[in-house]
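> Quick one: this structure, given as structure tokens, is what I'll be asking you about.
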Amino acid sequence: MADSTLDAKGLNCPLPILRAKKALKELAPGQVLAIEATDPGSAKDFESFCSQTGNTLVKASEAGGVYYYEIRKS
Amino acid sequence: MSQKKLAIIATKGTLDFAYPPLILATTAAALDYEVTIFWTFYGLQVVKKNPDLKISPLGNPAMPMPVPMPVLVQVLPGMESMATIMMKQKMAGKGVASIGELMSMALESDVKMIACQMTVDLFDFKHEELIDGLEYAGAARFFEVAQDADIVLFI
């Protein structure tokens with residue numbers, strides 16, 4: 001279960017990443033942030049964001065044009 | 001892991017070209033880079049306290065237009081304002097951040113900003129017209145930042 005949820009639907013690059021970064025700041029290491037987005041570019045961007053920041057992309061899925069991610073803070 | 005550094009020279013002052021430096025700077029900051037933007041020439045328009053950035057279809061055949069528009073129509077008075085308003089509406093509709101939002105986010109995430117003092121003099125800008133927190137310096141200062149950066153971009 002996510003500890004916090006970010007609604008980034010309707011936002012375009014780079015806003016989903018910037019909002020996610022901000023939301024992760026509020027969490028403690030090990031806690032999970034859930035993100036909903038509609039930007040198709042976010043799929044690759046969240047992978048890259050996690051590989052560069054050391055956070056873990058626990059889950060990435062898409063249904064009906066809505067992308068869902070779970071990121072565990074490192 | 002030592003902190004990576006990004007240095008950007010931003011030289012353009014139209015609405016469309018204000019985006020790349022700010023998108024890259026804010027994203028790099030989110031990726032934990034230490035970011036510095038050196039604003040020079042028309043780029044200084046972006047760091048005005050009340051920027052009035054415009055976009056023009058003139059001389060830009062790549063700009064998608066809702067209807068094909070001959071160049072001679074593009075030069076008519078008001079066309080630039082119209083193109084700017086339409087672009088801003090389109091951006092808002094597509095969830096693209098405004099320049100104001102990106103600038104606040106850049107400042108919030110401690111992106112360092114240097115304004116080229118030579119261009120400030122050249123254009124007769126006053127420091128009071130530009131946003132607070134700018135450092136005023138020249139090319140030598142940029143190289144001090146750039147030689148230490150992992151990535152350097154000229155925009």
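Here, A, B, ... name the chains of the structure tokens in the order displayed, residue numbers run from 1 inside each chain, and ligands are numbered from 1 in the same displayed order.
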Near stretch 70-84 of chain B, counting only C-alpha atoms, which residues have an atom at most 7 Å away, once you skip same-chain residues fewer than 5 positions from it, shown as a list of chain:residue names?

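In the requested format, the answer is B:Lys54, B:Ile55, B:Ser56, B:Pro57, B:Leu58.
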
> Go ahead and write the residues just picked, N, CA and C atoms, as a compact mmCIF listing (two decimals), in the first residue's frame.


```txt
# COMPACT_ATOMS: atom_id res chain seq x y z
N LYS B 54 7.03 36.63 -25.88
CA LYS B 54 6.11 36.42 -27.01
C LYS B 54 6.68 35.38 -27.95
N ILE B 55 5.76 34.88 -28.78
CA ILE B 55 6.17 33.94 -29.82
C ILE B 55 5.71 34.52 -31.14
N SER B 56 6.50 34.34 -32.17
CA SER B 56 6.11 34.86 -33.47
C SER B 56 6.20 33.76 -34.52
N PRO B 57 5.16 33.66 -35.36
CA PRO B 57 5.25 32.70 -36.46
C PRO B 57 6.18 33.21 -37.56
N LEU B 58 6.50 34.51 -37.50
CA LEU B 58 7.34 35.13 -38.54
C LEU B 58 8.74 34.54 -38.54
```

> Considering only C-alpha atoms, tabulate each residue of stretch 29-135 of chain B that lies at most 9 Å from stretch 4-20 of chain A along with its nearest interatomic pair and the corresponding distance in Å to one decimal; arrange the rows by chain and ascending residue number and present them as JSON lines.


```
{"residue": "B:Ala29", "atom": "CA", "partner": "A:Leu18", "partner_atom": "CA", "distance": 8.8}
{"residue": "B:Ala30", "atom": "CA", "partner": "A:Leu18", "partner_atom": "CA", "distance": 6.1}
{"residue": "B:Gly93", "atom": "CA", "partner": "A:Gly10", "partner_atom": "CA", "distance": 8.7}
{"residue": "B:Lys94", "atom": "CA", "partner": "A:Asn12", "partner_atom": "CA", "distance": 6.8}
{"residue": "B:Gly95", "atom": "CA", "partner": "A:Leu11", "partner_atom": "CA", "distance": 4.4}
{"residue": "B:Val96", "atom": "CA", "partner": "A:Asn12", "partner_atom": "CA", "distance": 5.1}
{"residue": "B:Ala97", "atom": "CA", "partner": "A:Leu15", "partner_atom": "CA", "distance": 6.9}
{"residue": "B:Leu102", "atom": "CA", "partner": "A:Leu15", "partner_atom": "CA", "distance": 8.8}
{"residue": "B:Met105", "atom": "CA", "partner": "A:Leu18", "partner_atom": "CA", "distance": 8.3}
```

> As number ranges by chain, please: every residue in chain A that DSSP puts in alpha helix (DSSP H).

A: 15-25, 42-53

> May I have the selected residues written with N, CA and C atoms, as a PDB file, in the first residue's frame?


```pdb
ATOM      1  N   LEU A  15       6.322  18.313 -15.442  1.00  0.00           N
ATOM      2  CA  LEU A  15       5.586  18.484 -14.181  1.00  0.00           C
ATOM      3  C   LEU A  15       5.384  17.200 -13.377  1.00  0.00           C
ATOM      4  N   PRO A  16       5.036  16.050 -14.011  1.00  0.00           N
ATOM      5  CA  PRO A  16       4.862  14.836 -13.184  1.00  0.00           C
ATOM      6  C   PRO A  16       6.126  14.494 -12.382  1.00  0.00           C
ATOM      7  N   ILE A  17       7.291  14.644 -13.020  1.00  0.00           N
ATOM      8  CA  ILE A  17       8.556  14.345 -12.333  1.00  0.00           C
ATOM      9  C   ILE A  17       8.806  15.347 -11.205  1.00  0.00           C
ATOM     10  N   LEU A  18       8.571  16.630 -11.507  1.00  0.00           N
ATOM     11  CA  LEU A  18       8.838  17.663 -10.497  1.00  0.00           C
ATOM     12  C   LEU A  18       7.920  17.496  -9.292  1.00  0.00           C
ATOM     13  N   ARG A  19       6.642  17.187  -9.567  1.00  0.00           N
ATOM     14  CA  ARG A  19       5.685  16.989  -8.459  1.00  0.00           C
ATOM     15  C   ARG A  19       6.039  15.740  -7.667  1.00  0.00           C
ATOM     16  N   ALA A  20       6.495  14.696  -8.379  1.00  0.00           N
ATOM     17  CA  ALA A  20       6.854  13.450  -7.694  1.00  0.00           C
ATOM     18  C   ALA A  20       8.057  13.689  -6.778  1.00  0.00           C
ATOM     19  N   LYS A  21       9.015  14.446  -7.279  1.00  0.00           N
ATOM     20  CA  LYS A  21      10.201  14.756  -6.483  1.00  0.00           C
ATOM     21  C   LYS A  21       9.802  15.459  -5.190  1.00  0.00           C
ATOM     22  N   LYS A  22       8.884  16.427  -5.329  1.00  0.00           N
ATOM     23  CA  LYS A  22       8.408  17.188  -4.185  1.00  0.00           C
ATOM     24  C   LYS A  22       7.683  16.273  -3.191  1.00  0.00           C
ATOM     25  N   ALA A  23       6.832  15.397  -3.734  1.00  0.00           N
ATOM     26  CA  ALA A  23       6.056  14.499  -2.873  1.00  0.00           C
ATOM     27  C   ALA A  23       6.971  13.520  -2.147  1.00  0.00           C
ATOM     28  N   LEU A  24       8.033  13.068  -2.830  1.00  0.00           N
ATOM     29  CA  LEU A  24       8.962  12.111  -2.205  1.00  0.00           C
ATOM     30  C   LEU A  24       9.702  12.760  -1.029  1.00  0.00           C
ATOM     31  N   LYS A  25       9.917  14.065  -1.121  1.00  0.00           N
ATOM     32  CA  LYS A  25      10.619  14.777  -0.047  1.00  0.00           C
ATOM     33  C   LYS A  25       9.876  14.656   1.274  1.00  0.00           C
ATOM     34  N   SER A  42       5.744   9.788 -19.511  1.00  0.00           N
ATOM     35  CA  SER A  42       6.098   9.556 -18.102  1.00  0.00           C
ATOM     36  C   SER A  42       6.590   8.131 -17.873  1.00  0.00           C
ATOM     37  N   ALA A  43       6.198   7.189 -18.755  1.00  0.00           N
ATOM     38  CA  ALA A  43       6.605   5.795 -18.558  1.00  0.00           C
ATOM     39  C   ALA A  43       8.131   5.681 -18.548  1.00  0.00           C
ATOM     40  N   LYS A  44       8.753   6.236 -19.576  1.00  0.00           N
ATOM     41  CA  LYS A  44      10.220   6.199 -19.637  1.00  0.00           C
ATOM     42  C   LYS A  44      10.828   7.151 -18.605  1.00  0.00           C
ATOM     43  N   ASP A  45      10.163   8.296 -18.420  1.00  0.00           N
ATOM     44  CA  ASP A  45      10.728   9.305 -17.522  1.00  0.00           C
ATOM     45  C   ASP A  45      10.810   8.831 -16.075  1.00  0.00           C
ATOM     46  N   PHE A  46       9.791   8.118 -15.609  1.00  0.00           N
ATOM     47  CA  PHE A  46       9.856   7.649 -14.218  1.00  0.00           C
ATOM     48  C   PHE A  46      10.907   6.553 -14.041  1.00  0.00           C
ATOM     49  N   GLU A  47      11.080   5.731 -15.098  1.00  0.00           N
ATOM     50  CA  GLU A  47      12.182   4.745 -15.050  1.00  0.00           C
ATOM     51  C   GLU A  47      13.519   5.467 -14.900  1.00  0.00           C
ATOM     52  N   SER A  48      13.722   6.477 -15.753  1.00  0.00           N
ATOM     53  CA  SER A  48      14.990   7.217 -15.735  1.00  0.00           C
ATOM     54  C   SER A  48      15.165   7.977 -14.426  1.00  0.00           C
ATOM     55  N   PHE A  49      14.072   8.550 -13.956  1.00  0.00           N
ATOM     56  CA  PHE A  49      14.121   9.294 -12.694  1.00  0.00           C
ATOM     57  C   PHE A  49      14.598   8.371 -11.569  1.00  0.00           C
ATOM     58  N   CYS A  50      14.012   7.180 -11.513  1.00  0.00           N
ATOM     59  CA  CYS A  50      14.364   6.254 -10.430  1.00  0.00           C
ATOM     60  C   CYS A  50      15.801   5.752 -10.583  1.00  0.00           C
ATOM     61  N   SER A  51      16.207   5.426 -11.817  1.00  0.00           N
ATOM     62  CA  SER A  51      17.565   4.889 -11.967  1.00  0.00           C
ATOM     63  C   SER A  51      18.614   5.953 -11.629  1.00  0.00           C
ATOM     64  N   GLN A  52      18.259   7.215 -11.793  1.00  0.00           N
ATOM     65  CA  GLN A  52      19.243   8.265 -11.504  1.00  0.00           C
ATOM     66  C   GLN A  52      19.203   8.763 -10.070  1.00  0.00           C
ATOM     67  N   THR A  53      18.069   8.577  -9.389  1.00  0.00           N
ATOM     68  CA  THR A  53      17.970   9.109  -8.028  1.00  0.00           C
ATOM     69  C   THR A  53      18.123   8.019  -6.977  1.00  0.00           C
TER      70      THR A  53
END
```

> Quick one: distance from atom CA of B:Met86 to atom CA of B:Met69 in Å, one decimal?

14.4 Å

> Using only C-alpha atoms, which protein or nucleic acid residues come within 12 Å of B:Gln117? Drop anything in the same chain fewer than 4 positions from it, and give the result as a list in words.

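Those residues are Phe38, Trp39, Thr40, Phe41, Leu44, Asp121, Leu122, Phe123, Asp124, Phe125, Lys126, His127, Leu130, Leu134, Glu135, Tyr136, Ala137, Gly138, Ala139, Ala140, Arg141 and Phe142 of chain B.
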
> Dump N, CA and C atoms for the selected residues as a PDB file, in the first residue's frame?


```pdb
ATOM      1  N   PHE B  38      23.283  30.479 -16.899  1.00  0.00           N
ATOM      2  CA  PHE B  38      23.913  31.765 -17.212  1.00  0.00           C
ATOM      3  C   PHE B  38      23.037  32.443 -18.256  1.00  0.00           C
ATOM      4  N   TRP B  39      22.314  33.483 -17.841  1.00  0.00           N
ATOM      5  CA  TRP B  39      21.377  34.167 -18.748  1.00  0.00           C
ATOM      6  C   TRP B  39      22.108  35.282 -19.467  1.00  0.00           C
ATOM      7  N   THR B  40      22.127  35.225 -20.779  1.00  0.00           N
ATOM      8  CA  THR B  40      22.836  36.261 -21.519  1.00  0.00           C
ATOM      9  C   THR B  40      22.034  36.690 -22.751  1.00  0.00           C
ATOM     10  N   PHE B  41      22.358  37.817 -23.296  1.00  0.00           N
ATOM     11  CA  PHE B  41      21.624  38.398 -24.415  1.00  0.00           C
ATOM     12  C   PHE B  41      20.110  38.320 -24.190  1.00  0.00           C
ATOM     13  N   LEU B  44      18.050  37.278 -20.988  1.00  0.00           N
ATOM     14  CA  LEU B  44      17.767  38.138 -19.836  1.00  0.00           C
ATOM     15  C   LEU B  44      16.279  38.483 -19.725  1.00  0.00           C
ATOM     16  N   ASP B 121      24.191  45.819 -19.206  1.00  0.00           N
ATOM     17  CA  ASP B 121      24.631  47.163 -19.603  1.00  0.00           C
ATOM     18  C   ASP B 121      24.204  47.495 -21.030  1.00  0.00           C
ATOM     19  N   LEU B 122      24.430  46.527 -21.921  1.00  0.00           N
ATOM     20  CA  LEU B 122      24.133  46.730 -23.336  1.00  0.00           C
ATOM     21  C   LEU B 122      22.669  47.114 -23.560  1.00  0.00           C
ATOM     22  N   PHE B 123      21.774  46.415 -22.862  1.00  0.00           N
ATOM     23  CA  PHE B 123      20.336  46.655 -23.049  1.00  0.00           C
ATOM     24  C   PHE B 123      19.790  47.713 -22.088  1.00  0.00           C
ATOM     25  N   ASP B 124      20.669  48.332 -21.294  1.00  0.00           N
ATOM     26  CA  ASP B 124      20.236  49.323 -20.303  1.00  0.00           C
ATOM     27  C   ASP B 124      19.206  48.762 -19.327  1.00  0.00           C
ATOM     28  N   PHE B 125      19.356  47.509 -18.944  1.00  0.00           N
ATOM     29  CA  PHE B 125      18.471  46.946 -17.928  1.00  0.00           C
ATOM     30  C   PHE B 125      18.971  47.386 -16.558  1.00  0.00           C
ATOM     31  N   LYS B 126      18.048  47.548 -15.632  1.00  0.00           N
ATOM     32  CA  LYS B 126      18.419  47.856 -14.243  1.00  0.00           C
ATOM     33  C   LYS B 126      18.306  46.549 -13.443  1.00  0.00           C
ATOM     34  N   HIS B 127      19.205  46.409 -12.473  1.00  0.00           N
ATOM     35  CA  HIS B 127      19.132  45.202 -11.632  1.00  0.00           C
ATOM     36  C   HIS B 127      17.757  45.065 -10.984  1.00  0.00           C
ATOM     37  N   LEU B 130      15.159  42.999 -12.809  1.00  0.00           N
ATOM     38  CA  LEU B 130      15.376  41.553 -12.903  1.00  0.00           C
ATOM     39  C   LEU B 130      15.064  40.899 -11.555  1.00  0.00           C
ATOM     40  N   LEU B 134      19.753  37.017  -8.399  1.00  0.00           N
ATOM     41  CA  LEU B 134      20.675  36.795  -9.516  1.00  0.00           C
ATOM     42  C   LEU B 134      22.082  37.210  -9.109  1.00  0.00           C
ATOM     43  N   GLU B 135      23.052  36.474  -9.645  1.00  0.00           N
ATOM     44  CA  GLU B 135      24.435  36.902  -9.493  1.00  0.00           C
ATOM     45  C   GLU B 135      24.796  37.611 -10.801  1.00  0.00           C
ATOM     46  N   TYR B 136      25.548  38.703 -10.725  1.00  0.00           N
ATOM     47  CA  TYR B 136      25.923  39.411 -11.945  1.00  0.00           C
ATOM     48  C   TYR B 136      27.394  39.168 -12.222  1.00  0.00           C
ATOM     49  N   ALA B 137      27.694  38.631 -13.390  1.00  0.00           N
ATOM     50  CA  ALA B 137      29.077  38.289 -13.693  1.00  0.00           C
ATOM     51  C   ALA B 137      29.269  38.159 -15.199  1.00  0.00           C
ATOM     52  N   GLY B 138      30.469  37.775 -15.584  1.00  0.00           N
ATOM     53  CA  GLY B 138      30.814  37.684 -16.994  1.00  0.00           C
ATOM     54  C   GLY B 138      31.266  36.300 -17.403  1.00  0.00           C
ATOM     55  N   ALA B 139      31.899  36.247 -18.582  1.00  0.00           N
ATOM     56  CA  ALA B 139      32.259  34.964 -19.189  1.00  0.00           C
ATOM     57  C   ALA B 139      33.222  34.158 -18.315  1.00  0.00           C
ATOM     58  N   ALA B 140      34.131  34.849 -17.637  1.00  0.00           N
ATOM     59  CA  ALA B 140      35.106  34.132 -16.810  1.00  0.00           C
ATOM     60  C   ALA B 140      34.403  33.354 -15.711  1.00  0.00           C
ATOM     61  N   ARG B 141      33.357  33.953 -15.143  1.00  0.00           N
ATOM     62  CA  ARG B 141      32.581  33.289 -14.086  1.00  0.00           C
ATOM     63  C   ARG B 141      31.891  32.050 -14.661  1.00  0.00           C
ATOM     64  N   PHE B 142      31.398  32.168 -15.912  1.00  0.00           N
ATOM     65  CA  PHE B 142      30.751  31.001 -16.505  1.00  0.00           C
ATOM     66  C   PHE B 142      31.726  29.839 -16.618  1.00  0.00           C
TER      67      PHE B 142
END
```

> Give me, as a list in words, all polymer residues having an atom no more than 7 Å from A:Leu57, counting only C-alpha atoms and skipping those fewer than 2 positions away in the same chain.

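My list of contacting residues is Glu47, Cys50, Asn55, Lys59, Glu70, Ile71 and Arg72 of chain A.
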
> Please provide the set of residues having any atom within 8 Å of B:Ala106, restricted to only C-alpha atoms, with same-chain residues fewer than 3 positions apart removed, written as a count of residues only.

9

> Which of chain B counts as strand (DSSP E or B) under DSSP, as a PyMOL selection string please?

chain B and resi 5-10+34-39+48+112-116+130+135-137+151-154

> Just write the chosen residues, N, CA and C atoms, as a PDB file, in the first residue's frame.


```
ATOM      1  N   LYS B   5      26.676  18.014 -11.814  1.00  0.00           N
ATOM      2  CA  LYS B   5      26.453  19.444 -12.055  1.00  0.00           C
ATOM      3  C   LYS B   5      26.084  19.699 -13.504  1.00  0.00           C
ATOM      4  N   LEU B   6      25.120  20.600 -13.690  1.00  0.00           N
ATOM      5  CA  LEU B   6      24.674  21.003 -15.026  1.00  0.00           C
ATOM      6  C   LEU B   6      24.842  22.509 -15.148  1.00  0.00           C
ATOM      7  N   ALA B   7      25.440  22.940 -16.252  1.00  0.00           N
ATOM      8  CA  ALA B   7      25.574  24.376 -16.523  1.00  0.00           C
ATOM      9  C   ALA B   7      24.911  24.678 -17.861  1.00  0.00           C
ATOM     10  N   ILE B   8      24.045  25.691 -17.870  1.00  0.00           N
ATOM     11  CA  ILE B   8      23.326  26.048 -19.094  1.00  0.00           C
ATOM     12  C   ILE B   8      23.589  27.510 -19.424  1.00  0.00           C
ATOM     13  N   ILE B   9      23.856  27.787 -20.705  1.00  0.00           N
ATOM     14  CA  ILE B   9      23.866  29.175 -21.172  1.00  0.00           C
ATOM     15  C   ILE B   9      22.554  29.384 -21.909  1.00  0.00           C
ATOM     16  N   ALA B  10      21.740  30.324 -21.459  1.00  0.00           N
ATOM     17  CA  ALA B  10      20.438  30.576 -22.077  1.00  0.00           C
ATOM     18  C   ALA B  10      20.485  31.926 -22.772  1.00  0.00           C
ATOM     19  N   GLU B  34      23.257  19.790  -9.242  1.00  0.00           N
ATOM     20  CA  GLU B  34      23.424  21.192  -8.898  1.00  0.00           C
ATOM     21  C   GLU B  34      23.398  21.941 -10.230  1.00  0.00           C
ATOM     22  N   VAL B  35      22.477  22.898 -10.373  1.00  0.00           N
ATOM     23  CA  VAL B  35      22.245  23.513 -11.678  1.00  0.00           C
ATOM     24  C   VAL B  35      22.558  25.005 -11.647  1.00  0.00           C
ATOM     25  N   THR B  36      23.227  25.463 -12.686  1.00  0.00           N
ATOM     26  CA  THR B  36      23.474  26.896 -12.855  1.00  0.00           C
ATOM     27  C   THR B  36      23.033  27.302 -14.254  1.00  0.00           C
ATOM     28  N   ILE B  37      22.273  28.387 -14.335  1.00  0.00           N
ATOM     29  CA  ILE B  37      21.919  28.939 -15.653  1.00  0.00           C
ATOM     30  C   ILE B  37      22.575  30.305 -15.785  1.00  0.00           C
ATOM     31  N   PHE B  38      23.283  30.479 -16.899  1.00  0.00           N
ATOM     32  CA  PHE B  38      23.913  31.765 -17.212  1.00  0.00           C
ATOM     33  C   PHE B  38      23.037  32.443 -18.256  1.00  0.00           C
ATOM     34  N   TRP B  39      22.314  33.483 -17.841  1.00  0.00           N
ATOM     35  CA  TRP B  39      21.377  34.167 -18.748  1.00  0.00           C
ATOM     36  C   TRP B  39      22.108  35.282 -19.467  1.00  0.00           C
ATOM     37  N   LYS B  48      13.383  38.741 -16.192  1.00  0.00           N
ATOM     38  CA  LYS B  48      12.772  39.999 -15.766  1.00  0.00           C
ATOM     39  C   LYS B  48      11.725  39.688 -14.703  1.00  0.00           C
ATOM     40  N   LYS B 112      20.917  27.876  -9.471  1.00  0.00           N
ATOM     41  CA  LYS B 112      21.674  29.124  -9.378  1.00  0.00           C
ATOM     42  C   LYS B 112      21.544  29.870 -10.687  1.00  0.00           C
ATOM     43  N   MET B 113      21.372  31.186 -10.599  1.00  0.00           N
ATOM     44  CA  MET B 113      21.206  31.961 -11.819  1.00  0.00           C
ATOM     45  C   MET B 113      22.196  33.103 -11.853  1.00  0.00           C
ATOM     46  N   ILE B 114      22.880  33.180 -12.995  1.00  0.00           N
ATOM     47  CA  ILE B 114      23.848  34.255 -13.194  1.00  0.00           C
ATOM     48  C   ILE B 114      23.371  35.088 -14.382  1.00  0.00           C
ATOM     49  N   ALA B 115      23.342  36.397 -14.226  1.00  0.00           N
ATOM     50  CA  ALA B 115      22.984  37.271 -15.338  1.00  0.00           C
ATOM     51  C   ALA B 115      24.257  37.899 -15.894  1.00  0.00           C
ATOM     52  N   CYS B 116      24.327  37.929 -17.219  1.00  0.00           N
ATOM     53  CA  CYS B 116      25.497  38.499 -17.885  1.00  0.00           C
ATOM     54  C   CYS B 116      25.480  40.015 -17.720  1.00  0.00           C
ATOM     55  N   LEU B 130      15.159  42.999 -12.809  1.00  0.00           N
ATOM     56  CA  LEU B 130      15.376  41.553 -12.903  1.00  0.00           C
ATOM     57  C   LEU B 130      15.064  40.899 -11.555  1.00  0.00           C
ATOM     58  N   GLU B 135      23.052  36.474  -9.645  1.00  0.00           N
ATOM     59  CA  GLU B 135      24.435  36.902  -9.493  1.00  0.00           C
ATOM     60  C   GLU B 135      24.796  37.611 -10.801  1.00  0.00           C
ATOM     61  N   TYR B 136      25.548  38.703 -10.725  1.00  0.00           N
ATOM     62  CA  TYR B 136      25.923  39.411 -11.945  1.00  0.00           C
ATOM     63  C   TYR B 136      27.394  39.168 -12.222  1.00  0.00           C
ATOM     64  N   ALA B 137      27.694  38.631 -13.390  1.00  0.00           N
ATOM     65  CA  ALA B 137      29.077  38.289 -13.693  1.00  0.00           C
ATOM     66  C   ALA B 137      29.269  38.159 -15.199  1.00  0.00           C
ATOM     67  N   ILE B 151      27.689  18.370 -17.357  1.00  0.00           N
ATOM     68  CA  ILE B 151      26.989  18.637 -18.606  1.00  0.00           C
ATOM     69  C   ILE B 151      26.926  20.144 -18.804  1.00  0.00           C
ATOM     70  N   VAL B 152      27.262  20.590 -20.016  1.00  0.00           N
ATOM     71  CA  VAL B 152      27.157  22.018 -20.337  1.00  0.00           C
ATOM     72  C   VAL B 152      26.317  22.165 -21.595  1.00  0.00           C
ATOM     73  N   LEU B 153      25.292  23.011 -21.515  1.00  0.00           N
ATOM     74  CA  LEU B 153      24.403  23.192 -22.666  1.00  0.00           C
ATOM     75  C   LEU B 153      24.345  24.650 -23.082  1.00  0.00           C
ATOM     76  N   PHE B 154      24.339  24.866 -24.370  1.00  0.00           N
ATOM     77  CA  PHE B 154      24.160  26.210 -24.917  1.00  0.00           C
ATOM     78  C   PHE B 154      22.794  26.233 -25.602  1.00  0.00           C
TER      79      PHE B 154
END
```

> How many Å lie between atom CA of B:Leu24 and atom CA of B:Pro66, rounded to one decimal?

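These atoms are spaced 28.1 Å apart.
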
> Point out the residue among B:Glu129, B:Glu101, B:Asp32, B:Glu144 with the least atom-to-atom distance to B:Tyr19, counting only C-alpha atoms.

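Distance minimum relative to B:Tyr19 lands on B:Glu101.
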